[in-house]
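Structure file input13.pdb with PDB, C-alpha atoms and all ligand atoms:
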ATOM      1  CA  MET D   1     -22.402  -0.104   9.855
ATOM      2  CA  LYS D   2     -24.047  -0.583   6.456
ATOM      3  CA  ILE D   3     -22.644  -3.348   4.270
ATOM      4  CA  PHE D   4     -23.004  -3.390   0.481
ATOM      5  CA  ASN D   5     -21.974  -6.013  -2.040
ATOM      6  CA  ASN D   6     -23.317  -4.305  -5.116
ATOM      7  CA  LYS D   7     -22.442  -0.988  -6.738
ATOM      8  CA  LYS D   8     -25.969   0.202  -7.342
ATOM      9  CA  ASP D   9     -27.141  -0.068  -3.722
ATOM     10  CA  LEU D  10     -23.931   1.572  -2.521
ATOM     11  CA  LYS D  11     -24.288   4.443  -5.002
ATOM     12  CA  ASP D  12     -27.943   4.994  -4.035
ATOM     13  CA  CYS D  13     -26.981   5.167  -0.368
ATOM     14  CA  LEU D  14     -24.048   7.530  -1.027
ATOM     15  CA  LEU D  15     -26.257   9.796  -3.111
ATOM     16  CA  ASP D  16     -28.313  10.574   0.005
ATOM     17  CA  TYR D  17     -25.179  11.664   1.869
ATOM     18  CA  LYS D  18     -23.960  13.709  -1.101
ATOM     19  CA  THR D  19     -27.315  15.438  -1.509
ATOM     20  CA  ASN D  20     -27.031  16.409   2.150
ATOM     21  CA  LYS D  21     -23.540  17.825   1.453
ATOM     22  CA  LYS D  22     -21.796  15.229   3.616
ATOM     23  CA  THR D  23     -18.119  14.614   2.867
ATOM     24  CA  ILE D  24     -16.922  11.073   2.193
ATOM     25  CA  GLY D  25     -13.583   9.648   3.309
ATOM     26  CA  PHE D  26     -12.565   6.419   1.600
ATOM     27  CA  VAL D  27     -10.123   3.698   2.703
ATOM     28  CA  PRO D  28      -9.567   0.991   0.054
ATOM     29  CA  THR D  29      -8.289  -2.329   1.443
ATOM     30  CA  MET D  30      -7.923  -5.978   0.537
ATOM     31  CA  GLY D  31      -9.151  -7.048   3.984
ATOM     32  CA  ALA D  32      -7.278  -9.020   6.648
ATOM     33  CA  LEU D  33      -7.444  -5.740   8.499
ATOM     34  CA  HIS D  34      -4.891  -4.733  11.121
ATOM     35  CA  GLU D  35      -4.140  -1.652  13.199
ATOM     36  CA  GLY D  36      -2.517   0.033  10.206
ATOM     37  CA  HIS D  37      -5.844  -0.035   8.352
ATOM     38  CA  LEU D  38      -7.677   1.095  11.482
ATOM     39  CA  SER D  39      -5.347   4.097  11.759
ATOM     40  CA  LEU D  40      -6.260   5.074   8.160
ATOM     41  CA  ILE D  41      -9.934   4.852   9.126
ATOM     42  CA  GLU D  42      -9.336   6.981  12.259
ATOM     43  CA  ASN D  43      -7.607   9.588  10.069
ATOM     44  CA  ALA D  44     -10.519   9.512   7.629
ATOM     45  CA  LYS D  45     -13.061   9.897  10.438
ATOM     46  CA  LEU D  46     -11.347  13.043  11.711
ATOM     47  CA  LYS D  47     -11.684  14.879   8.393
ATOM     48  CA  ASN D  48     -14.909  13.565   6.795
ATOM     49  CA  ASP D  49     -18.579  13.206   7.700
ATOM     50  CA  ILE D  50     -18.708   9.530   6.772
ATOM     51  CA  VAL D  51     -16.132   6.826   6.078
ATOM     52  CA  VAL D  52     -16.425   4.116   3.438
ATOM     53  CA  VAL D  53     -14.045   1.136   3.549
ATOM     54  CA  SER D  54     -13.776  -1.325   0.685
ATOM     55  CA  ILE D  55     -12.613  -4.904   1.063
ATOM     56  CA  PHE D  56     -11.746  -6.444  -2.275
ATOM     57  CA  VAL D  57      -8.884  -8.829  -3.002
ATOM     58  CA  ASN D  58      -8.138  -7.516  -6.452
ATOM     59  CA  PRO D  59      -7.004 -10.394  -8.719
ATOM     60  CA  THR D  60      -5.503  -8.190 -11.438
ATOM     61  CA  GLN D  61      -2.781  -6.756  -9.179
ATOM     62  CA  PHE D  62      -1.296 -10.168  -8.319
ATOM     63  CA  ASP D  63       1.499 -11.333 -10.589
ATOM     64  CA  ASN D  64       1.625 -14.650  -8.755
ATOM     65  CA  VAL D  65      -1.415 -16.957  -8.625
ATOM     66  CA  GLU D  66      -0.179 -18.658  -5.463
ATOM     67  CA  ASP D  67       0.133 -15.294  -3.663
ATOM     68  CA  LEU D  68      -3.471 -14.499  -4.624
ATOM     69  CA  LYS D  69      -4.679 -17.902  -3.393
ATOM     70  CA  GLN D  70      -2.788 -17.533  -0.105
ATOM     71  CA  TYR D  71      -3.862 -13.944   0.554
ATOM     72  CA  PRO D  72      -5.514 -14.030   4.002
ATOM     73  CA  LYS D  73      -9.306 -13.685   4.041
ATOM     74  CA  THR D  74     -10.833 -12.842   7.425
ATOM     75  CA  ILE D  75     -14.098 -11.077   6.598
ATOM     76  CA  GLU D  76     -15.907 -11.824   9.882
ATOM     77  CA  ASN D  77     -13.083 -10.452  11.981
ATOM     78  CA  ASP D  78     -12.734  -7.502   9.572
ATOM     79  CA  ILE D  79     -16.386  -6.593  10.090
ATOM     80  CA  LYS D  80     -15.904  -6.708  13.881
ATOM     81  CA  LEU D  81     -12.860  -4.437  13.625
ATOM     82  CA  LEU D  82     -14.670  -2.000  11.324
ATOM     83  CA  LYS D  83     -17.575  -1.789  13.773
ATOM     84  CA  SER D  84     -15.116  -1.199  16.635
ATOM     85  CA  VAL D  85     -13.862   1.975  14.934
ATOM     86  CA  SER D  86     -17.391   3.055  13.910
ATOM     87  CA  CYS D  87     -16.844   2.720  10.175
ATOM     88  CA  ASP D  88     -20.043   3.898   8.444
ATOM     89  CA  ILE D  89     -20.073   1.797   5.277
ATOM     90  CA  LEU D  90     -18.337  -1.350   4.089
ATOM     91  CA  PHE D  91     -18.270  -2.122   0.361
ATOM     92  CA  SER D  92     -17.315  -5.742  -0.199
ATOM     93  CA  PRO D  93     -18.063  -6.654  -3.825
ATOM     94  CA  SER D  94     -17.445  -9.933  -5.641
ATOM     95  CA  VAL D  95     -14.940 -10.164  -8.506
ATOM     96  CA  LYS D  96     -17.881 -10.415 -10.927
ATOM     97  CA  GLU D  97     -19.467  -7.245  -9.545
ATOM     98  CA  ILE D  98     -16.281  -5.303 -10.294
ATOM     99  CA  TYR D  99     -15.000  -6.932 -13.498
ATOM    100  CA  SER D 100     -18.103  -8.613 -14.999
ATOM    101  CA  GLU D 101     -16.697 -11.316 -17.306
ATOM    102  CA  ASN D 102     -13.430  -9.554 -18.180
ATOM    103  CA  ILE D 103     -10.919  -9.888 -15.338
ATOM    104  CA  ALA D 104      -8.224  -7.665 -16.843
ATOM    105  CA  SER D 105      -6.451  -4.397 -16.105
ATOM    106  CA  GLU D 106      -6.444  -1.176 -18.057
ATOM    107  CA  LYS D 107      -2.991  -0.115 -19.269
ATOM    108  CA  PHE D 108      -1.610   3.026 -17.655
ATOM    109  CA  ASN D 109       1.309   5.367 -18.129
ATOM    110  CA  PHE D 110       2.510   6.975 -14.934
ATOM    111  CA  ASP D 111       5.556   8.701 -16.446
ATOM    112  CA  GLY D 112       7.863   5.874 -15.413
ATOM    113  CA  LEU D 113       6.856   5.622 -11.731
ATOM    114  CA  GLU D 114       5.285   2.266 -12.558
ATOM    115  CA  HIS D 115       8.524   0.738 -13.882
ATOM    116  CA  GLN D 116      10.604   1.153 -10.724
ATOM    117  CA  MET D 117      10.915  -1.262  -7.785
ATOM    118  CA  GLU D 118       7.572  -3.068  -7.258
ATOM    119  CA  GLY D 119       6.733  -2.410 -10.910
ATOM    120  CA  ALA D 120       9.956  -4.087 -12.054
ATOM    121  CA  PHE D 121       9.543  -7.114  -9.788
ATOM    122  CA  ARG D 122       5.754  -7.567 -10.077
ATOM    123  CA  LYS D 123       4.824  -7.235 -13.737
ATOM    124  CA  GLY D 124       1.469  -5.555 -14.326
ATOM    125  CA  HIS D 125       1.005  -4.917 -10.602
ATOM    126  CA  PHE D 126       0.382  -1.186 -10.886
ATOM    127  CA  ASP D 127      -1.962  -1.546 -13.878
ATOM    128  CA  GLY D 128      -4.035  -3.779 -11.592
ATOM    129  CA  VAL D 129      -3.834  -1.385  -8.644
ATOM    130  CA  ALA D 130      -4.708   1.655 -10.766
ATOM    131  CA  THR D 131      -7.589  -0.196 -12.451
ATOM    132  CA  ILE D 132      -9.245  -1.087  -9.157
ATOM    133  CA  VAL D 133      -8.528   2.223  -7.394
ATOM    134  CA  LYS D 134      -9.900   4.207 -10.365
ATOM    135  CA  THR D 135     -12.985   1.946 -10.505
ATOM    136  CA  LEU D 136     -13.600   2.367  -6.770
ATOM    137  CA  PHE D 137     -13.107   6.148  -7.009
ATOM    138  CA  GLU D 138     -15.679   6.216  -9.835
ATOM    139  CA  ILE D 139     -18.204   4.207  -7.823
ATOM    140  CA  ILE D 140     -17.736   5.969  -4.480
ATOM    141  CA  GLU D 141     -16.682   9.471  -5.599
ATOM    142  CA  PRO D 142     -14.978  10.181  -2.272
ATOM    143  CA  ASN D 143     -13.757  13.641  -1.241
ATOM    144  CA  LYS D 144     -10.623  12.189   0.310
ATOM    145  CA  ALA D 145      -8.921   8.783   0.030
ATOM    146  CA  TYR D 146      -6.384   7.382   2.492
ATOM    147  CA  PHE D 147      -3.343   5.203   1.712
ATOM    148  CA  GLY D 148      -0.502   3.967   3.925
ATOM    149  CA  GLN D 149       3.074   4.984   3.197
ATOM    150  CA  LYS D 150       4.267   1.381   3.513
ATOM    151  CA  ASP D 151       3.219   1.140  -0.134
ATOM    152  CA  PHE D 152       4.919   4.437  -0.923
ATOM    153  CA  GLN D 153       5.201   3.719  -4.649
ATOM    154  CA  GLN D 154       1.496   2.872  -4.795
ATOM    155  CA  LEU D 155       0.714   6.155  -3.016
ATOM    156  CA  GLN D 156       2.777   8.182  -5.528
ATOM    157  CA  ILE D 157       1.147   6.338  -8.441
ATOM    158  CA  VAL D 158      -2.375   6.938  -7.134
ATOM    159  CA  LYS D 159      -1.518  10.653  -6.723
ATOM    160  CA  LYS D 160      -0.193  10.706 -10.306
ATOM    161  CA  MET D 161      -3.360   8.972 -11.568
ATOM    162  CA  VAL D 162      -5.582  11.516  -9.823
ATOM    163  CA  ASP D 163      -3.541  14.281 -11.422
ATOM    164  CA  LYS D 164      -3.482  12.759 -14.923
ATOM    165  CA  TYR D 165      -7.177  11.877 -15.007
ATOM    166  CA  ASP D 166      -8.179  15.044 -13.172
ATOM    167  CA  LEU D 167     -10.113  13.010 -10.601
ATOM    168  CA  ASN D 168     -11.922  15.020  -7.980
ATOM    169  CA  VAL D 169     -10.421  13.380  -4.887
ATOM    170  CA  THR D 170      -7.657  14.368  -2.478
ATOM    171  CA  VAL D 171      -5.210  11.545  -1.804
ATOM    172  CA  LYS D 172      -3.773  11.439   1.717
ATOM    173  CA  GLY D 173      -0.657   9.443   2.627
ATOM    174  CA  CYS D 174      -0.527   8.232   6.240
ATOM    175  CA  PRO D 175       2.532   7.135   8.264
ATOM    176  CA  ILE D 176       3.612   3.492   8.334
ATOM    177  CA  TYR D 177       2.093   1.629  11.255
ATOM    178  CA  ARG D 178       4.481  -0.792  12.954
ATOM    179  CA  GLU D 179       4.381  -3.670  15.404
ATOM    180  CA  GLU D 180       6.106  -2.846  18.720
ATOM    181  CA  ASN D 181       9.209  -4.602  17.414
ATOM    182  CA  GLY D 182       9.314  -2.336  14.325
ATOM    183  CA  LEU D 183       7.975  -4.743  11.678
ATOM    184  CA  ALA D 184       5.738  -2.766   9.297
ATOM    185  CA  MET D 185       2.145  -3.943   9.660
ATOM    186  CA  SER D 186       0.883  -5.907   6.689
ATOM    187  CA  SER D 187      -1.948  -8.356   6.081
ATOM    188  CA  ARG D 188       0.742 -10.792   4.948
ATOM    189  CA  ASN D 189       2.345 -10.797   8.446
ATOM    190  CA  ALA D 190      -0.470 -13.141   9.522
ATOM    191  CA  ARG D 191       1.200 -15.866   7.424
ATOM    192  CA  LEU D 192       4.635 -15.564   9.076
ATOM    193  CA  SER D 193       5.855 -18.465  11.236
ATOM    194  CA  LYS D 194       7.053 -17.763  14.797
ATOM    195  CA  GLU D 195      10.691 -17.787  13.599
ATOM    196  CA  GLN D 196       9.966 -15.534  10.627
ATOM    197  CA  LYS D 197       8.100 -13.121  12.935
ATOM    198  CA  GLU D 198      11.174 -12.968  15.145
ATOM    199  CA  ALA D 199      13.440 -12.323  12.163
ATOM    200  CA  GLY D 200      11.131  -9.699  10.566
ATOM    201  CA  PRO D 201      12.096  -6.682  12.747
ATOM    202  CA  PHE D 202      15.622  -6.932  11.282
ATOM    203  CA  ILE D 203      14.227  -5.139   8.220
ATOM    204  CA  TYR D 204      13.298  -1.954  10.085
ATOM    205  CA  ARG D 205      16.426  -2.075  12.290
ATOM    206  CA  THR D 206      18.487  -2.166   9.102
ATOM    207  CA  LEU D 207      16.529   0.713   7.538
ATOM    208  CA  ASN D 208      17.198   2.771  10.667
ATOM    209  CA  LYS D 209      20.924   2.098  10.337
ATOM    210  CA  ILE D 210      20.742   3.114   6.675
ATOM    211  CA  GLN D 211      19.116   6.368   7.744
ATOM    212  CA  GLN D 212      22.107   7.074  10.020
ATOM    213  CA  LYS D 213      24.674   6.015   7.426
ATOM    214  CA  PHE D 214      23.101   8.242   4.789
ATOM    215  CA  ASP D 215      24.479  11.285   6.663
ATOM    216  CA  THR D 216      28.105  10.321   6.163
ATOM    217  CA  GLU D 217      28.482   7.488   3.648
ATOM    218  CA  ASN D 218      28.075   7.314  -0.112
ATOM    219  CA  ILE D 219      25.289   5.281  -1.719
ATOM    220  CA  THR D 220      27.546   2.578  -3.186
ATOM    221  CA  LYS D 221      29.014   1.852   0.250
ATOM    222  CA  ILE D 222      25.571   1.769   1.847
ATOM    223  CA  ASN D 223      24.301  -0.706  -0.786
ATOM    224  CA  GLU D 224      27.294  -2.998  -0.206
ATOM    225  CA  TRP D 225      26.831  -2.850   3.563
ATOM    226  CA  LEU D 226      23.159  -3.751   3.304
ATOM    227  CA  GLU D 227      23.734  -6.703   0.973
ATOM    228  CA  ASN D 228      26.307  -8.105   3.400
ATOM    229  CA  GLU D 229      23.958  -7.695   6.358
ATOM    230  CA  PHE D 230      21.289  -9.750   4.578
ATOM    231  CA  LYS D 231      23.786 -12.504   3.760
ATOM    232  CA  LYS D 232      23.942 -13.105   7.527
ATOM    233  CA  GLN D 233      20.150 -13.547   7.751
ATOM    234  CA  PRO D 234      19.114 -17.127   6.880
ATOM    235  CA  LEU D 235      15.358 -16.484   7.222
ATOM    236  CA  LEU D 236      15.191 -13.333   5.098
ATOM    237  CA  THR D 237      16.112 -13.137   1.413
ATOM    238  CA  LEU D 238      16.674  -9.711  -0.054
ATOM    239  CA  GLU D 239      14.766  -9.121  -3.302
ATOM    240  CA  TYR D 240      15.788  -5.502  -3.765
ATOM    241  CA  PHE D 241      17.140  -2.564  -1.849
ATOM    242  CA  THR D 242      17.348   0.846  -3.401
ATOM    243  CA  ILE D 243      17.826   4.439  -2.404
ATOM    244  CA  ALA D 244      15.568   6.388  -4.721
ATOM    245  CA  ASP D 245      14.500   9.935  -5.461
ATOM    246  CA  GLU D 246      11.119  10.380  -3.722
ATOM    247  CA  LYS D 247       9.628  12.199  -6.718
ATOM    248  CA  THR D 248      10.723  10.044  -9.662
ATOM    249  CA  LEU D 249      11.340   6.849  -7.633
ATOM    250  CA  LYS D 250      14.443   6.332  -9.783
ATOM    251  CA  THR D 251      17.436   4.688  -8.099
ATOM    252  CA  ALA D 252      19.994   7.242  -6.989
ATOM    253  CA  LYS D 253      23.684   6.640  -7.538
ATOM    254  CA  ASN D 254      24.847   9.870  -5.908
ATOM    255  CA  LYS D 255      23.294  12.348  -3.499
ATOM    256  CA  ASP D 256      22.021  15.626  -4.863
ATOM    257  CA  ALA D 257      21.369  18.298  -2.196
ATOM    258  CA  ASN D 258      18.246  19.489  -4.061
ATOM    259  CA  LYS D 259      16.513  16.112  -3.959
ATOM    260  CA  THR D 260      14.695  14.123  -1.280
ATOM    261  CA  TYR D 261      15.478  10.437  -0.947
ATOM    262  CA  ARG D 262      13.903   7.352   0.547
ATOM    263  CA  ALA D 263      15.288   3.841   1.065
ATOM    264  CA  PHE D 264      13.045   1.030  -0.217
ATOM    265  CA  ILE D 265      13.335  -2.665   0.490
ATOM    266  CA  ALA D 266      11.574  -5.912  -0.476
ATOM    267  CA  VAL D 267      12.382  -9.133   1.334
ATOM    268  CA  PHE D 268      11.142 -12.707   1.231
ATOM    269  CA  ALA D 269      10.509 -14.640   4.436
ATOM    270  CA  GLY D 270       9.920 -18.066   2.851
ATOM    271  CA  ASP D 271       7.300 -17.310   0.191
ATOM    272  CA  ILE D 272       5.956 -14.268   2.051
ATOM    273  CA  ARG D 273       6.958 -10.967   0.546
ATOM    274  CA  LEU D 274       7.513  -8.026   2.896
ATOM    275  CA  ILE D 275       8.170  -4.424   1.877
ATOM    276  CA  ASP D 276       9.193  -1.372   3.863
ATOM    277  CA  ASN D 277      10.744   2.054   3.375
ATOM    278  CA  ILE D 278      12.192   4.964   5.294
ATOM    279  CA  ALA D 279      12.665   8.659   4.587
ATOM    280  CA  LEU D 280      16.283   9.825   4.388
ATOM    281  CA  LYS D 281      17.625  13.249   5.271
ATOM    282  CA  ASN D 282      20.050  14.693   2.773
TER     283      ASN D 282
HETATM  284  O1  LIG A 301      -2.884  -1.424  -0.726
HETATM  285  C1  LIG A 301      -3.802  -2.238  -0.957
HETATM  286  O2  LIG A 301      -4.309  -2.902  -0.049
HETATM  287  C2  LIG A 301      -4.306  -2.423  -2.377
HETATM  288  O3  LIG A 301      -3.270  -2.284  -3.290
HETATM  289  C3  LIG A 301      -5.470  -1.481  -2.734
HETATM  290  C4  LIG A 301      -5.068  -0.030  -2.679
HETATM  291  C5  LIG A 301      -6.632  -1.733  -1.771
HETATM  292  C6  LIG A 301      -5.956  -1.793  -4.151
HETATM  293  O4  LIG A 301      -6.388  -3.092  -4.289
END
Final structure tokens representation of the file:
Amino acid sequence: MKIFNNKKDLKDCLLDYKTNKKTIGFVPTMGALHEGHLSLIENAKLKNDIVVVSIFVNPTQFDNVEDLKQYPKTIENDIKLLKSVSCDILFSPSVKEIYSENIASEKFNFDGLEHQMEGAFRKGHFDGVATIVKTLFEIIEPNKAYFGQKDFQQLQIVKKMVDKYDLNVTVKGCPIYREENGLAMSSRNARLSKEQKEAGPFIYRTLNKIQQKFDTENITKINEWLENEFKKQPLLTLEYFTIADEKTLKTAKNKDANKTYRAFIAVFAGDIRLIDNIALKN
């Protein structure tokens, strides 16, 4: 596996592949890799000649300094994992390499997608995400880029950005990867205590129940039920739960047979923020 820390060397190397008409699959990450990331890489390997993974803990997408400080950094283990799945290229730049002296986001308009859920609770988060993803797309110029559906809102926003800026990349959403007990895999899970790890699967169990309830119950009743369930959970604090239209990501009050819905949830286990979502059948 080739490892690059600077844009110029990476671009020079990629130019060789491009000249030889090789297709490039790209998996952007913030490191602390787990099986969910590896599954994105496996998907990318199936459909592209080479796979580039980036590891960059992007400061502009954190609304909370403490969260940024605490974000797990495990570069040596990440490199081992990347080699184990035969990743071709790792791009692991410094903050200075990406932002020079100006560590700030561009401002974006994603037709309102950015104001829902994560956007409402983490101010500026999606400006930061879009800034780094656009920058990485410009450096790497991948044919396809792979994102997990755990961050479903991020996936929809990246698709919207590609559309709005007419970027020449196909964005692929991949299924959520879960621990055996159902907890959605996340780099942040590494910070959970034993007790929090045991409590975590409650999130997915609850989403599964919501999926069943959605067949027969109205949205107001489902919301009430969920809030009560979380009141019984001392280790998990609900930040938000919403059933939203998959396209607009706007909270739904009633079901419309012509729309597709998804349930989204954000929960705190201590100071560790966990998100998850599930598709609902109308
Ligand atoms: O999903 C993530 O890990 C990050 O938001 C991403 C896409 C790598 C951008 O920093």
Task: Two-atom distance - CA of Asn43 in chain D, CA of Ala190 in chain D (Å) - done: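 Computing the Euclidean distance for CA of Asn43 in chain D and CA of Ala190 in chain D yields 23.8 Å.
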- [ ] Name the residues, by chain letter and number, that sit within 8 Å of ligand LIG 301 (chain A) using all atoms listed in the file, and give them as a list in words.
- [x]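 These are the residues that qualify: Val27, Pro28, Thr29, Met30, Gly31, Ser54, Ile55, Phe56, Val57, Asn58, Gln61, Gly128, Val129, Ala130, Ile132, Val133, Phe147, Gly148, Asp151 and Gln154 of chain D.
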TODO: Can you work out which one of D:Asp127, D:Asp9, D:Asp276, D:Asp88 has the shortest atom-to-atom distance to Glu114 in chain D, counting all atoms listed in the file?
DONE: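 For Glu114 in chain D, the nearest of the candidates is D:Asp127.
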Task: Given the PyMOL selection byres (((chain D and resi 254-269) around 8) and not hetatm), the residues it picks as a PyMOL selection string - done: chain D and resi 192+196+200+207+210+218-219+235-247+252-253+270-282
Generate the output file for the selected residues, C-alpha atoms, as an mmCIF file, in the frame of the given file.
data_model
loop_
_atom_site.group_PDB
_atom_site.id
_atom_site.type_symbol
_atom_site.label_atom_id
_atom_site.label_comp_id
_atom_site.auth_asym_id
_atom_site.auth_seq_id
_atom_site.Cartn_x
_atom_site.Cartn_y
_atom_site.Cartn_z
ATOM 1 C CA LEU D 192 4.635 -15.564 9.076
ATOM 2 C CA GLN D 196 9.966 -15.534 10.627
ATOM 3 C CA GLY D 200 11.131 -9.699 10.566
ATOM 4 C CA LEU D 207 16.529 0.713 7.538
ATOM 5 C CA ILE D 210 20.742 3.114 6.675
ATOM 6 C CA ASN D 218 28.075 7.314 -0.112
ATOM 7 C CA ILE D 219 25.289 5.281 -1.719
ATOM 8 C CA LEU D 235 15.358 -16.484 7.222
ATOM 9 C CA LEU D 236 15.191 -13.333 5.098
ATOM 10 C CA THR D 237 16.112 -13.137 1.413
ATOM 11 C CA LEU D 238 16.674 -9.711 -0.054
ATOM 12 C CA GLU D 239 14.766 -9.121 -3.302
ATOM 13 C CA TYR D 240 15.788 -5.502 -3.765
ATOM 14 C CA PHE D 241 17.140 -2.564 -1.849
ATOM 15 C CA THR D 242 17.348 0.846 -3.401
ATOM 16 C CA ILE D 243 17.826 4.439 -2.404
ATOM 17 C CA ALA D 244 15.568 6.388 -4.721
ATOM 18 C CA ASP D 245 14.500 9.935 -5.461
ATOM 19 C CA GLU D 246 11.119 10.380 -3.722
ATOM 20 C CA LYS D 247 9.628 12.199 -6.718
ATOM 21 C CA ALA D 252 19.994 7.242 -6.989
ATOM 22 C CA LYS D 253 23.684 6.640 -7.538
ATOM 23 C CA GLY D 270 9.920 -18.066 2.851
ATOM 24 C CA ASP D 271 7.300 -17.310 0.191
ATOM 25 C CA ILE D 272 5.956 -14.268 2.051
ATOM 26 C CA ARG D 273 6.958 -10.967 0.546
ATOM 27 C CA LEU D 274 7.513 -8.026 2.896
ATOM 28 C CA ILE D 275 8.170 -4.424 1.877
ATOM 29 C CA ASP D 276 9.193 -1.372 3.863
ATOM 30 C CA ASN D 277 10.744 2.054 3.375
ATOM 31 C CA ILE D 278 12.192 4.964 5.294
ATOM 32 C CA ALA D 279 12.665 8.659 4.587
ATOM 33 C CA LEU D 280 16.283 9.825 4.388
ATOM 34 C CA LYS D 281 17.625 13.249 5.271
ATOM 35 C CA ASN D 282 20.050 14.693 2.773
#
- [ ] Might you pull out every residue within 6 Å of range 169-172 of chain D, with all atoms listed in the file counted and same-chain residues fewer than 6 positions away left off, and present them as a list in words?
- [x]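 With the cut-off at 6 Å, the set is Asn143, Lys144, Ala145 and Tyr146 of chain D.
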Task: Distance of CA of Glu141 in chain D from CA of Val52 in chain D, expressed in Å to one decimal place - done: 10.5 Å
Open item on the list: Translate the PyMOL selection byres (((chain D and resi 32) around 10) and not hetatm) into a concrete residue list for this structure, as a VMD selection string.
Closed with: chain D and resid 29 to 31 33 to 34 37 55 57 71 to 78 186 to 190
Task: Nearest to Arg205 in chain D by atom-to-atom distance, counting only C-alpha atoms, from D:Ser193, D:Asn181, D:Ser84, D:Asn223 - done: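 Closest candidate: D:Asn181.
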TODO: Let me know the residues the PyMOL selection byres (((chain D and resi 44) around 9) and not hetatm) catches in the file above, as a PyMOL selection string.
DONE: chain D and resi 24-27+39-43+45-51+144-146
Selected residues written out with C-alpha atoms, as a PDB file, keeping the file's coordinate frame:
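As written to disk, again.pdb reads:
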ATOM      1  CA  ILE D  24     -16.922  11.073   2.193  1.00  0.00           C
ATOM      2  CA  GLY D  25     -13.583   9.648   3.309  1.00  0.00           C
ATOM      3  CA  PHE D  26     -12.565   6.419   1.600  1.00  0.00           C
ATOM      4  CA  VAL D  27     -10.123   3.698   2.703  1.00  0.00           C
ATOM      5  CA  SER D  39      -5.347   4.097  11.759  1.00  0.00           C
ATOM      6  CA  LEU D  40      -6.260   5.074   8.160  1.00  0.00           C
ATOM      7  CA  ILE D  41      -9.934   4.852   9.126  1.00  0.00           C
ATOM      8  CA  GLU D  42      -9.336   6.981  12.259  1.00  0.00           C
ATOM      9  CA  ASN D  43      -7.607   9.588  10.069  1.00  0.00           C
ATOM     10  CA  LYS D  45     -13.061   9.897  10.438  1.00  0.00           C
ATOM     11  CA  LEU D  46     -11.347  13.043  11.711  1.00  0.00           C
ATOM     12  CA  LYS D  47     -11.684  14.879   8.393  1.00  0.00           C
ATOM     13  CA  ASN D  48     -14.909  13.565   6.795  1.00  0.00           C
ATOM     14  CA  ASP D  49     -18.579  13.206   7.700  1.00  0.00           C
ATOM     15  CA  ILE D  50     -18.708   9.530   6.772  1.00  0.00           C
ATOM     16  CA  VAL D  51     -16.132   6.826   6.078  1.00  0.00           C
ATOM     17  CA  LYS D 144     -10.623  12.189   0.310  1.00  0.00           C
ATOM     18  CA  ALA D 145      -8.921   8.783   0.030  1.00  0.00           C
ATOM     19  CA  TYR D 146      -6.384   7.382   2.492  1.00  0.00           C
TER      20      TYR D 146
END
Centre and edges of the range 18-35 of chain D box, axis-aligned, 8 Å extra per side, as lines of an AutoDock Vina configuration file:
center_x = -15.7
center_y = 4.4
center_z = 5.8
size_x = 39.2
size_y = 42.8
size_z = 30.7
- [ ] Record the distance separating CA of Thr248 in chain D and CA of Val158 in chain D, expressed in Å with one decimal.
- [x]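 Between CA of Thr248 in chain D and CA of Val158 in chain D the gap is 13.7 Å.
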Open item on the list: Under the rule that only C-alpha atoms are counted, which of D:Val53, D:Ile140, D:Thr216, D:Glu97 is the nearest residue to Tyr17 in chain D?
Closed with: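 Among the listed residues, D:Ile140 lies closest to Tyr17 in chain D.
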Task: Residue nearest Pro175 in chain D - candidates D:Gly36, D:Tyr204, D:Lys213, D:Leu113, atoms counted: all atoms listed in the file - done: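 Checking each candidate against Pro175 in chain D, we get D:Gly36 as the closest.
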Open item on the list: When you count all atoms listed in the file, which of these residues is closest to Lys197 in chain D: D:Glu180, D:Ile79, D:Ser100, D:Lys7?
Closed with: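 Using all atoms listed in the file, Lys197 in chain D sits closest to D:Glu180.
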- [ ] Using all atoms listed in the file, pick whichever of D:Leu167, D:Ile176, D:Leu226, D:Ile103 has the shortest atom-to-atom distance to Pro59 in chain D.
- [x]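 Closest residue, counting all atoms listed in the file: D:Ile103.
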Within-6 Å shell of (-18.6, -2.7, 3.3) in input frame, all atoms listed in the file, as a PDB file with C-alpha atoms, in the coordinates of the input:
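point_31.pdb, freshly written:
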ATOM      1  CA  ILE D   3     -22.644  -3.348   4.270  1.00  0.00           C
ATOM      2  CA  PHE D   4     -23.004  -3.390   0.481  1.00  0.00           C
ATOM      3  CA  VAL D  53     -14.045   1.136   3.549  1.00  0.00           C
ATOM      4  CA  SER D  54     -13.776  -1.325   0.685  1.00  0.00           C
ATOM      5  CA  ILE D  89     -20.073   1.797   5.277  1.00  0.00           C
ATOM      6  CA  LEU D  90     -18.337  -1.350   4.089  1.00  0.00           C
ATOM      7  CA  PHE D  91     -18.270  -2.122   0.361  1.00  0.00           C
ATOM      8  CA  SER D  92     -17.315  -5.742  -0.199  1.00  0.00           C
TER       9      SER D  92
END
